file my_file-v9.pdb (PDB, C-alpha atoms)
ATOM      1  CA  MET O   1       0.000   0.000   0.000
ATOM      2  CA  SER O   2       1.368   3.466  -0.843
ATOM      3  CA  THR O   3       2.021   5.936   1.961
ATOM      4  CA  LEU O   4      -0.632   8.236   0.498
ATOM      5  CA  LEU O   5      -3.222   5.474   0.528
ATOM      6  CA  LYS O   6      -2.263   4.535   4.085
ATOM      7  CA  GLN O   7      -2.676   8.136   5.153
ATOM      8  CA  THR O   8      -6.011   8.369   3.379
ATOM      9  CA  PHE O   9      -7.250   5.207   5.076
ATOM     10  CA  ALA O  10      -6.017   6.465   8.441
ATOM     11  CA  ALA O  11      -7.794   9.766   7.918
ATOM     12  CA  ALA O  12     -10.981   8.010   6.796
ATOM     13  CA  ALA O  13     -10.855   5.721   9.841
ATOM     14  CA  LEU O  14     -10.421   8.708  12.146
ATOM     15  CA  SER O  15     -13.219  10.545  10.378
ATOM     16  CA  THR O  16     -15.551   7.544  10.791
ATOM     17  CA  ALA O  17     -14.570   7.223  14.450
ATOM     18  CA  VAL O  18     -15.258  10.933  15.027
ATOM     19  CA  ALA O  19     -18.620  10.660  13.275
ATOM     20  CA  GLY O  20     -19.480   7.635  15.429
ATOM     21  CA  VAL O  21     -18.651   9.498  18.608
ATOM     22  CA  ALA O  22     -20.663  12.504  17.455
ATOM     23  CA  GLN O  23     -23.688  10.318  16.665
ATOM     24  CA  ALA O  24     -23.524   8.556  20.016
ATOM     25  CA  GLN O  25     -23.123  11.911  21.719
ATOM     26  CA  HIS O  26     -26.276  13.229  20.000
ATOM     27  CA  ASP O  27     -28.396  10.610  21.712
ATOM     28  CA  PHE O  28     -26.492  10.689  24.957
ATOM     29  CA  ASP O  29     -27.387  14.186  26.122
ATOM     30  CA  ARG O  30     -31.161  13.775  26.345
ATOM     31  CA  PRO O  31     -31.181  13.155  30.137
ATOM     32  CA  ALA O  32     -29.109  16.303  30.747
ATOM     33  CA  ILE O  33     -31.509  18.376  28.630
ATOM     34  CA  GLU O  34     -34.547  16.865  30.375
ATOM     35  CA  GLN O  35     -32.948  17.828  33.686
ATOM     36  CA  VAL O  36     -32.702  21.479  32.608
ATOM     37  CA  LEU O  37     -36.357  21.427  31.516
ATOM     38  CA  SER O  38     -37.375  19.946  34.840
ATOM     39  CA  SER O  39     -35.372  22.607  36.707
ATOM     40  CA  TYR O  40     -36.986  25.292  34.565
ATOM     41  CA  GLU O  41     -40.487  24.016  35.346
ATOM     42  CA  ALA O  42     -39.742  24.011  39.094
ATOM     43  CA  ALA O  43     -38.157  27.490  39.018
ATOM     44  CA  LEU O  44     -41.144  28.925  37.104
ATOM     45  CA  ASN O  45     -43.653  27.455  39.547
ATOM     46  CA  GLU O  46     -41.678  28.829  42.493
ATOM     47  CA  SER O  47     -41.145  32.267  40.833
ATOM     48  CA  ASP O  48     -37.482  31.659  41.646
ATOM     49  CA  LEU O  49     -35.296  34.097  39.721
ATOM     50  CA  ASP O  50     -32.043  32.740  41.169
ATOM     51  CA  SER O  51     -32.867  29.273  39.849
ATOM     52  CA  VAL O  52     -34.064  30.424  36.411
ATOM     53  CA  LEU O  53     -31.081  32.552  35.414
ATOM     54  CA  PRO O  54     -28.320  29.877  35.599
ATOM     55  CA  LEU O  55     -30.356  27.758  33.163
ATOM     56  CA  TYR O  56     -29.798  30.362  30.433
ATOM     57  CA  ALA O  57     -26.711  30.938  28.290
ATOM     58  CA  ASP O  58     -25.135  34.354  28.933
ATOM     59  CA  ASP O  59     -25.975  35.347  25.357
ATOM     60  CA  GLY O  60     -29.398  33.676  25.474
ATOM     61  CA  VAL O  61     -32.619  35.186  24.144
ATOM     62  CA  PHE O  62     -36.009  34.962  25.907
ATOM     63  CA  MET O  63     -39.018  35.763  23.714
ATOM     64  CA  PRO O  64     -42.055  36.057  25.983
ATOM     65  CA  GLN O  65     -45.544  36.735  24.702
ATOM     66  CA  HIS O  66     -46.602  40.418  24.792
ATOM     67  CA  SER O  67     -42.965  41.628  24.978
ATOM     68  CA  GLN O  68     -40.061  42.426  22.699
ATOM     69  CA  PRO O  69     -37.272  39.801  22.767
ATOM     70  CA  SER O  70     -34.948  39.926  25.786
ATOM     71  CA  VAL O  71     -31.408  39.551  24.438
ATOM     72  CA  GLY O  72     -28.624  38.609  26.865
ATOM     73  CA  ILE O  73     -28.700  37.555  30.489
ATOM     74  CA  GLU O  74     -29.300  41.033  31.980
ATOM     75  CA  ALA O  75     -32.347  41.609  29.763
ATOM     76  CA  ILE O  76     -33.534  38.077  30.588
ATOM     77  CA  ARG O  77     -33.189  38.823  34.298
ATOM     78  CA  ALA O  78     -35.277  41.995  33.938
ATOM     79  CA  ALA O  79     -37.934  40.093  31.981
ATOM     80  CA  TYR O  80     -38.309  37.379  34.644
ATOM     81  CA  VAL O  81     -38.402  39.986  37.425
ATOM     82  CA  ALA O  82     -41.379  41.544  35.602
ATOM     83  CA  VAL O  83     -43.020  38.133  35.002
ATOM     84  CA  PHE O  84     -42.697  37.021  38.616
ATOM     85  CA  GLU O  85     -43.992  40.380  39.891
ATOM     86  CA  ALA O  86     -47.047  40.166  37.646
ATOM     87  CA  ILE O  87     -48.085  36.505  37.825
ATOM     88  CA  THR O  88     -47.702  33.244  39.712
ATOM     89  CA  LEU O  89     -47.619  30.088  37.593
ATOM     90  CA  ASP O  90     -48.725  26.576  38.409
ATOM     91  CA  VAL O  91     -47.940  24.644  35.234
ATOM     92  CA  GLU O  92     -46.652  21.295  34.064
ATOM     93  CA  PHE O  93     -44.535  20.796  30.942
ATOM     94  CA  GLU O  94     -44.977  17.909  28.554
ATOM     95  CA  ILE O  95     -42.099  17.170  26.177
ATOM     96  CA  ASP O  96     -43.234  16.599  22.585
ATOM     97  CA  GLU O  97     -39.765  16.362  21.033
ATOM     98  CA  ILE O  98     -36.068  16.575  21.852
ATOM     99  CA  THR O  99     -33.866  16.653  18.745
ATOM    100  CA  GLN O 100     -30.117  16.915  19.139
ATOM    101  CA  ILE O 101     -28.723  18.550  16.002
ATOM    102  CA  SER O 102     -25.032  18.358  16.837
ATOM    103  CA  GLY O 103     -22.759  17.733  19.799
ATOM    104  CA  ASP O 104     -23.536  21.239  21.081
ATOM    105  CA  TRP O 105     -27.014  22.110  19.825
ATOM    106  CA  ALA O 106     -30.457  20.679  20.408
ATOM    107  CA  PHE O 107     -34.037  21.871  20.140
ATOM    108  CA  VAL O 108     -37.026  20.944  22.252
ATOM    109  CA  ARG O 109     -40.761  21.306  21.693
ATOM    110  CA  THR O 110     -43.019  21.255  24.724
ATOM    111  CA  ARG O 111     -46.548  22.120  25.754
ATOM    112  CA  SER O 112     -47.466  23.355  29.218
ATOM    113  CA  ASP O 113     -50.787  23.374  31.027
ATOM    114  CA  GLY O 114     -52.004  24.626  34.351
ATOM    115  CA  HIS O 115     -53.108  27.902  35.871
ATOM    116  CA  VAL O 116     -51.858  31.450  36.174
ATOM    117  CA  THR O 117     -52.703  33.765  39.072
ATOM    118  CA  ILE O 118     -52.599  37.525  38.501
ATOM    119  CA  ASN O 119     -50.744  38.752  41.601
ATOM    120  CA  ALA O 120     -52.388  42.197  41.642
ATOM    121  CA  THR O 121     -55.957  40.825  41.776
ATOM    122  CA  GLY O 122     -55.664  37.193  42.813
ATOM    123  CA  ASP O 123     -57.664  36.192  39.715
ATOM    124  CA  ARG O 124     -56.775  32.711  38.473
ATOM    125  CA  PHE O 125     -57.072  31.577  34.848
ATOM    126  CA  PRO O 126     -56.359  28.387  32.917
ATOM    127  CA  GLU O 127     -52.962  28.623  31.206
ATOM    128  CA  GLY O 128     -51.952  26.648  28.107
ATOM    129  CA  ASN O 129     -48.852  27.251  26.005
ATOM    130  CA  GLN O 130     -46.557  25.657  23.476
ATOM    131  CA  GLU O 131     -42.817  26.250  23.659
ATOM    132  CA  LEU O 132     -39.773  25.986  21.413
ATOM    133  CA  PHE O 133     -36.356  25.875  23.120
ATOM    134  CA  LEU O 134     -32.916  25.922  21.537
ATOM    135  CA  PHE O 135     -30.263  24.441  23.802
ATOM    136  CA  ASN O 136     -26.541  25.057  23.468
ATOM    137  CA  ARG O 137     -23.793  23.290  25.389
ATOM    138  CA  SER O 138     -21.472  25.768  27.047
ATOM    139  CA  ALA O 139     -17.683  25.458  27.255
ATOM    140  CA  ASP O 140     -17.975  23.706  30.637
ATOM    141  CA  GLY O 141     -20.233  21.034  29.138
ATOM    142  CA  GLN O 142     -23.508  22.293  30.651
ATOM    143  CA  TRP O 143     -26.616  22.463  28.450
ATOM    144  CA  LYS O 144     -28.082  25.963  28.601
ATOM    145  CA  ILE O 145     -31.207  27.594  27.186
ATOM    146  CA  ALA O 146     -29.950  29.594  24.193
ATOM    147  CA  ARG O 147     -33.296  30.694  22.702
ATOM    148  CA  TYR O 148     -36.765  30.265  24.156
ATOM    149  CA  ILE O 149     -40.169  31.338  22.856
ATOM    150  CA  PHE O 150     -43.671  30.390  23.906
ATOM    151  CA  THR O 151     -47.158  31.220  22.743
ATOM    152  CA  THR O 152     -50.611  30.483  24.106
ATOM    153  CA  THR O 153     -52.581  27.493  22.853
ATOM    154  CA  ASN O 154     -55.781  28.903  24.400
ATOM    155  CA  PRO O 155     -58.380  30.614  22.192
ATOM    156  CA  PRO O 156     -58.300  34.427  22.196
ATOM    157  CA  ARG O 157     -60.101  36.028  25.151
ATOM    158  CA  GLN O 158     -63.441  37.405  23.970
TER     159      GLN O 158
ATOM    160  CA  MET V   1       8.956  11.223  10.996
ATOM    161  CA  SER V   2       7.364   7.877  11.905
ATOM    162  CA  THR V   3       4.579   6.490   9.741
ATOM    163  CA  LEU V   4       2.189   6.815  12.677
ATOM    164  CA  LEU V   5       3.040  10.476  13.126
ATOM    165  CA  LYS V   6       2.683  11.075   9.377
ATOM    166  CA  GLN V   7      -0.727   9.442   9.459
ATOM    167  CA  THR V   8      -1.724  11.479  12.487
ATOM    168  CA  PHE V   9      -0.625  14.681  10.796
ATOM    169  CA  ALA V  10      -2.437  13.706   7.602
ATOM    170  CA  ALA V  11      -5.580  12.963   9.582
ATOM    171  CA  ALA V  12      -5.289  16.233  11.482
ATOM    172  CA  ALA V  13      -4.804  18.158   8.239
ATOM    173  CA  LEU V  14      -7.848  16.491   6.700
ATOM    174  CA  SER V  15      -9.838  17.150   9.843
ATOM    175  CA  THR V  16      -8.879  20.839   9.737
ATOM    176  CA  ALA V  17      -9.733  21.008   6.038
ATOM    177  CA  VAL V  18     -13.138  19.397   6.675
ATOM    178  CA  ALA V  19     -13.801  21.816   9.542
ATOM    179  CA  GLY V  20     -12.861  24.702   7.244
ATOM    180  CA  VAL V  21     -15.278  23.526   4.568
ATOM    181  CA  ALA V  22     -18.019  23.049   7.162
ATOM    182  CA  GLN V  23     -17.424  26.557   8.546
ATOM    183  CA  ALA V  24     -17.500  28.111   5.085
ATOM    184  CA  GLN V  25     -20.667  26.166   4.311
ATOM    185  CA  HIS V  26     -22.296  27.499   7.487
ATOM    186  CA  ASP V  27     -21.894  31.043   6.296
ATOM    187  CA  PHE V  28     -22.631  30.287   2.685
ATOM    188  CA  ASP V  29     -26.307  29.404   3.012
ATOM    189  CA  ARG V  30     -27.558  32.676   4.469
ATOM    190  CA  PRO V  31     -28.803  34.031   1.099
ATOM    191  CA  ALA V  32     -30.791  30.833   0.463
ATOM    192  CA  ILE V  33     -32.412  31.061   3.912
ATOM    193  CA  GLU V  34     -33.181  34.762   3.424
ATOM    194  CA  GLN V  35     -34.848  33.850   0.139
ATOM    195  CA  VAL V  36     -37.182  31.396   1.905
ATOM    196  CA  LEU V  37     -38.049  34.063   4.504
ATOM    197  CA  SER V  38     -38.789  36.549   1.753
ATOM    198  CA  SER V  39     -41.000  34.008  -0.036
ATOM    199  CA  TYR V  40     -42.788  33.282   3.236
ATOM    200  CA  GLU V  41     -43.465  36.984   3.832
ATOM    201  CA  ALA V  42     -44.898  37.381   0.329
ATOM    202  CA  ALA V  43     -47.035  34.226   0.581
ATOM    203  CA  LEU V  44     -48.456  35.342   3.961
ATOM    204  CA  ASN V  45     -49.379  38.786   2.648
ATOM    205  CA  GLU V  46     -51.065  37.236  -0.401
ATOM    206  CA  SER V  47     -52.849  34.527   1.677
ATOM    207  CA  ASP V  48     -51.312  32.151  -0.860
ATOM    208  CA  LEU V  49     -51.554  28.572   0.418
ATOM    209  CA  ASP V  50     -49.872  27.087  -2.666
ATOM    210  CA  SER V  51     -46.809  29.251  -2.085
ATOM    211  CA  VAL V  52     -46.610  28.681   1.677
ATOM    212  CA  LEU V  53     -46.700  24.893   1.733
ATOM    213  CA  PRO V  54     -43.585  24.174  -0.411
ATOM    214  CA  LEU V  55     -41.549  26.289   2.032
ATOM    215  CA  TYR V  56     -42.172  23.709   4.772
ATOM    216  CA  ALA V  57     -40.449  20.369   5.317
ATOM    217  CA  ASP V  58     -42.870  17.438   4.960
ATOM    218  CA  ASP V  59     -42.348  16.640   8.647
ATOM    219  CA  GLY V  60     -42.377  20.299   9.668
ATOM    220  CA  VAL V  61     -44.217  21.718  12.674
ATOM    221  CA  PHE V  62     -46.153  24.999  12.681
ATOM    222  CA  MET V  63     -46.957  26.400  16.151
ATOM    223  CA  PRO V  64     -49.398  29.282  15.695
ATOM    224  CA  GLN V  65     -50.679  31.364  18.576
ATOM    225  CA  HIS V  66     -54.079  30.255  19.947
ATOM    226  CA  SER V  67     -53.731  26.745  18.444
ATOM    227  CA  GLN V  68     -52.202  23.396  19.252
ATOM    228  CA  PRO V  69     -49.066  22.599  17.196
ATOM    229  CA  SER V  70     -49.680  21.462  13.605
ATOM    230  CA  VAL V  71     -47.380  18.480  13.035
ATOM    231  CA  GLY V  72     -46.666  17.396   9.450
ATOM    232  CA  ILE V  73     -47.526  18.988   6.129
ATOM    233  CA  GLU V  74     -51.220  17.991   6.076
ATOM    234  CA  ALA V  75     -51.845  19.520   9.506
ATOM    235  CA  ILE V  76     -49.849  22.592   8.410
ATOM    236  CA  ARG V  77     -52.028  22.896   5.301
ATOM    237  CA  ALA V  78     -55.203  22.774   7.412
ATOM    238  CA  ALA V  79     -53.813  25.408   9.795
ATOM    239  CA  TYR V  80     -53.007  27.871   6.983
ATOM    240  CA  VAL V  81     -56.407  27.278   5.358
ATOM    241  CA  ALA V  82     -57.960  28.342   8.679
ATOM    242  CA  VAL V  83     -55.596  31.333   9.049
ATOM    243  CA  PHE V  84     -56.237  32.636   5.522
ATOM    244  CA  GLU V  85     -60.012  32.206   5.936
ATOM    245  CA  ALA V  86     -59.980  34.173   9.179
ATOM    246  CA  ILE V  87     -57.536  37.017   8.531
ATOM    247  CA  THR V  88     -55.644  38.967   5.896
ATOM    248  CA  LEU V  89     -52.116  40.031   6.811
ATOM    249  CA  ASP V  90     -50.090  43.025   5.699
ATOM    250  CA  VAL V  91     -46.791  42.592   7.523
ATOM    251  CA  GLU V  92     -43.077  43.037   7.028
ATOM    252  CA  PHE V  93     -40.426  40.789   8.575
ATOM    253  CA  GLU V  94     -37.178  42.067  10.022
ATOM    254  CA  ILE V  95     -34.389  39.529  10.528
ATOM    255  CA  ASP V  96     -32.713  39.795  13.939
ATOM    256  CA  GLU V  97     -30.484  36.741  13.596
ATOM    257  CA  ILE V  98     -29.610  33.873  11.263
ATOM    258  CA  THR V  99     -27.397  31.250  12.907
ATOM    259  CA  GLN V 100     -26.341  28.221  10.906
ATOM    260  CA  ILE V 101     -25.664  25.409  13.361
ATOM    261  CA  SER V 102     -24.467  22.770  10.901
ATOM    262  CA  GLY V 103     -24.448  22.089   7.193
ATOM    263  CA  ASP V 104     -28.137  21.158   7.369
ATOM    264  CA  TRP V 105     -29.608  23.119  10.282
ATOM    265  CA  ALA V 106     -30.056  26.811  11.000
ATOM    266  CA  PHE V 107     -32.273  28.947  13.186
ATOM    267  CA  VAL V 108     -33.656  32.382  12.537
ATOM    268  CA  ARG V 109     -35.126  35.039  14.811
ATOM    269  CA  THR V 110     -37.350  37.682  13.275
ATOM    270  CA  ARG V 111     -39.875  40.295  14.259
ATOM    271  CA  SER V 112     -42.807  41.290  12.070
ATOM    272  CA  ASP V 113     -44.929  44.413  12.058
ATOM    273  CA  GLY V 114     -47.937  45.631  10.132
ATOM    274  CA  HIS V 115     -51.679  45.132  10.209
ATOM    275  CA  VAL V 116     -54.188  42.313  10.323
ATOM    276  CA  THR V 117     -57.696  42.511   8.872
ATOM    277  CA  ILE V 118     -60.415  40.262  10.302
ATOM    278  CA  ASN V 119     -62.089  38.942   7.151
ATOM    279  CA  ALA V 120     -65.512  38.423   8.783
ATOM    280  CA  THR V 121     -65.839  42.027   9.943
ATOM    281  CA  GLY V 122     -63.302  44.058   7.972
ATOM    282  CA  ASP V 123     -61.847  45.349  11.242
ATOM    283  CA  ARG V 124     -58.143  46.195  10.975
ATOM    284  CA  PHE V 125     -55.676  46.067  13.878
ATOM    285  CA  PRO V 126     -51.954  46.709  14.341
ATOM    286  CA  GLU V 127     -50.045  43.405  14.296
ATOM    287  CA  GLY V 128     -46.652  42.829  15.934
ATOM    288  CA  ASN V 129     -44.982  39.460  16.456
ATOM    289  CA  GLN V 130     -41.648  37.806  17.123
ATOM    290  CA  GLU V 131     -40.781  34.540  15.401
ATOM    291  CA  LEU V 132     -38.368  31.652  15.830
ATOM    292  CA  PHE V 133     -37.740  29.425  12.800
ATOM    293  CA  LEU V 134     -35.724  26.240  12.565
ATOM    294  CA  PHE V 135     -34.561  25.513   9.031
ATOM    295  CA  ASN V 136     -33.450  22.120   7.757
ATOM    296  CA  ARG V 137     -31.854  21.398   4.406
ATOM    297  CA  SER V 138     -33.715  18.635   2.594
ATOM    298  CA  ALA V 139     -32.104  15.841   0.577
ATOM    299  CA  ASP V 140     -32.383  17.925  -2.618
ATOM    300  CA  GLY V 141     -30.414  20.770  -1.010
ATOM    301  CA  GLN V 142     -33.385  23.094  -0.443
ATOM    302  CA  TRP V 143     -33.704  24.900   2.892
ATOM    303  CA  LYS V 144     -37.138  24.227   4.374
ATOM    304  CA  ILE V 145     -39.002  25.468   7.448
ATOM    305  CA  ALA V 146     -38.733  22.601   9.927
ATOM    306  CA  ARG V 147     -40.218  24.277  13.018
ATOM    307  CA  TYR V 148     -41.900  27.661  13.278
ATOM    308  CA  ILE V 149     -43.457  29.464  16.216
ATOM    309  CA  PHE V 150     -44.540  33.057  16.693
ATOM    310  CA  THR V 151     -46.010  35.107  19.487
ATOM    311  CA  THR V 152     -47.355  38.613  19.737
ATOM    312  CA  THR V 153     -45.159  41.485  20.908
ATOM    313  CA  ASN V 154     -48.228  43.689  21.448
ATOM    314  CA  PRO V 155     -49.577  44.269  24.967
ATOM    315  CA  PRO V 156     -52.606  42.146  25.947
ATOM    316  CA  ARG V 157     -55.947  43.498  24.706
ATOM    317  CA  GLN V 158     -57.805  45.125  27.601
TER     318      GLN V 158
END

call {"tool": "encode", "arguments": {"input": "my_file-v9.pdb", "output": "structure tokens"}}
result
Amino acid sequence: MSTLLKQTFAAAALSTAVAGVAQAQHDFDRPAIEQVLSSYEAALNESDLDSVLPLYADDGVFMPQHSQPSVGIEAIRAAYVAVFEAITLDVEFEIDEITQISGDWAFVRTRSDGHVTINATGDRFPEGNQELFLFNRSADGQWKIARYIFTTTNPPRQ
Amino acid sequence: MSTLLKQTFAAAALSTAVAGVAQAQHDFDRPAIEQVLSSYEAALNESDLDSVLPLYADDGVFMPQHSQPSVGIEAIRAAYVAVFEAITLDVEFEIDEITQISGDWAFVRTRSDGHVTINATGDRFPEGNQELFLFNRSADGQWKIARYIFTTTNPPRQ
């Protein structure tokens, strides 16, 4: 075998090995992503700002209904302060899909159902939403919320 | 240099070359994705079902406000039939971000502004939304909408 061919085979073998690792890795991270979703659900229901913020990437974007996008962790903090001042949530998330695109990126579709209480009045309403999350793995290996948007699945209020 | 080292260097060089190609490819597809967004904007404003549907992947998911997710092209078709029967849109999209994650996946954040006319009554309201798209490149090389969700940026109606 020529040296060139040997090198080509070696490179191809390495490439296949790398692809194999990447594929295995794609499936492997689901439990870690589910853990972040579970932590997010708990933090929301407890209106717990200090638990929500570490779940986000520093350059994350939060796109809440009835607001402009909150870009970056300081804007995200301000948005959740406003949310937790205005309402108290009692919701449960159901995961419809977790798709890992690469070693460092995944997206998740969920729906959430429960109730929302308006803090100012104490009024309580049924709450139903659908959510799309983009997750990115940070340099330290932690999966973080990189982009997050939700929208109501309830009919418009009359 | 030992044969092993030569092979390792050859593999590393190939790996770097492949990474370079992948990186270039990530940046290269932005015009194609922008073209799909532009086609989507036009199709929405013309209530043109036949132009909207080919922009979606067959296994795409459309997550419109006030509805459950529409999973797969037939459910997406039914959702747009309902949308175009109910309202007429006159909106313009602004792209906040296009991030290509891999050779075949990208996400896009946009905001849209304009007006919506309720077909049943002729009433016209200001419309403002934020959108998150996931794009996937199909086997024939076309970028398609794989997941799409939007939510209003307007304050709640009193």

call {"tool": "atom_distance", "arguments": {"input": "my_file-v9.pdb", "atom1": "CA of Arg137 (chain V)", "atom2": "CA of Pro31 (chain V)"}}
result
13.4 Å

call {"tool": "calpha_fit_rmsd", "arguments": {"input": "my_file-v9.pdb", "fixed": "chain V", "moving": "chain O"}}
result
0.6 Å

call {"tool": "residues_near_point", "arguments": {"input": "my_file-v9.pdb", "point": "(-56.4, 43.0, 8.1)", "cutoff": "10 Å", "atoms": "all atoms listed in the file", "output": "ChimeraX atom specification"}}
result
/V:45,86-91,114-119,121-127

call {"tool": "closest_residue", "arguments": {"input": "my_file-v9.pdb", "among": "V:Gln142, V:Ser38, V:Ser102, V:Ser51", "to": "chain O", "atoms": "all atoms listed in the file"}}
result
V:Ser102

call {"tool": "closest_residue", "arguments": {"input": "my_file-v9.pdb", "among": "V:Ala106, V:Val36, V:Val52, V:Ala78", "to": "chain O", "atoms": "only C-alpha atoms"}}
result
V:Ala106

call {"tool": "resolve_selection", "arguments": {"input": "my_file-v9.pdb", "expression": "the ChimeraX specification (/V :<6) & /O", "output": "number ranges by chain"}}
result
O: 7, 11, 65-68, 151-155

call {"tool": "resolve_selection", "arguments": {"input": "my_file-v9.pdb", "expression": "the PyMOL selection byres ((chain O and resi 50) around 12)", "output": "PDB file with C-alpha atoms, in the coordinates of the input"}}
result
ATOM      1  CA  SER O  39     -35.372  22.607  36.707  1.00  0.00           C
ATOM      2  CA  TYR O  40     -36.986  25.292  34.565  1.00  0.00           C
ATOM      3  CA  ALA O  42     -39.742  24.011  39.094  1.00  0.00           C
ATOM      4  CA  ALA O  43     -38.157  27.490  39.018  1.00  0.00           C
ATOM      5  CA  LEU O  44     -41.144  28.925  37.104  1.00  0.00           C
ATOM      6  CA  GLU O  46     -41.678  28.829  42.493  1.00  0.00           C
ATOM      7  CA  SER O  47     -41.145  32.267  40.833  1.00  0.00           C
ATOM      8  CA  ASP O  48     -37.482  31.659  41.646  1.00  0.00           C
ATOM      9  CA  LEU O  49     -35.296  34.097  39.721  1.00  0.00           C
ATOM     10  CA  SER O  51     -32.867  29.273  39.849  1.00  0.00           C
ATOM     11  CA  VAL O  52     -34.064  30.424  36.411  1.00  0.00           C
ATOM     12  CA  LEU O  53     -31.081  32.552  35.414  1.00  0.00           C
ATOM     13  CA  PRO O  54     -28.320  29.877  35.599  1.00  0.00           C
ATOM     14  CA  LEU O  55     -30.356  27.758  33.163  1.00  0.00           C
ATOM     15  CA  TYR O  56     -29.798  30.362  30.433  1.00  0.00           C
ATOM     16  CA  ILE O  76     -33.534  38.077  30.588  1.00  0.00           C
ATOM     17  CA  ARG O  77     -33.189  38.823  34.298  1.00  0.00           C
ATOM     18  CA  TYR O  80     -38.309  37.379  34.644  1.00  0.00           C
ATOM     19  CA  VAL O  81     -38.402  39.986  37.425  1.00  0.00           C
ATOM     20  CA  PHE O  84     -42.697  37.021  38.616  1.00  0.00           C
TER      21      PHE O  84
END
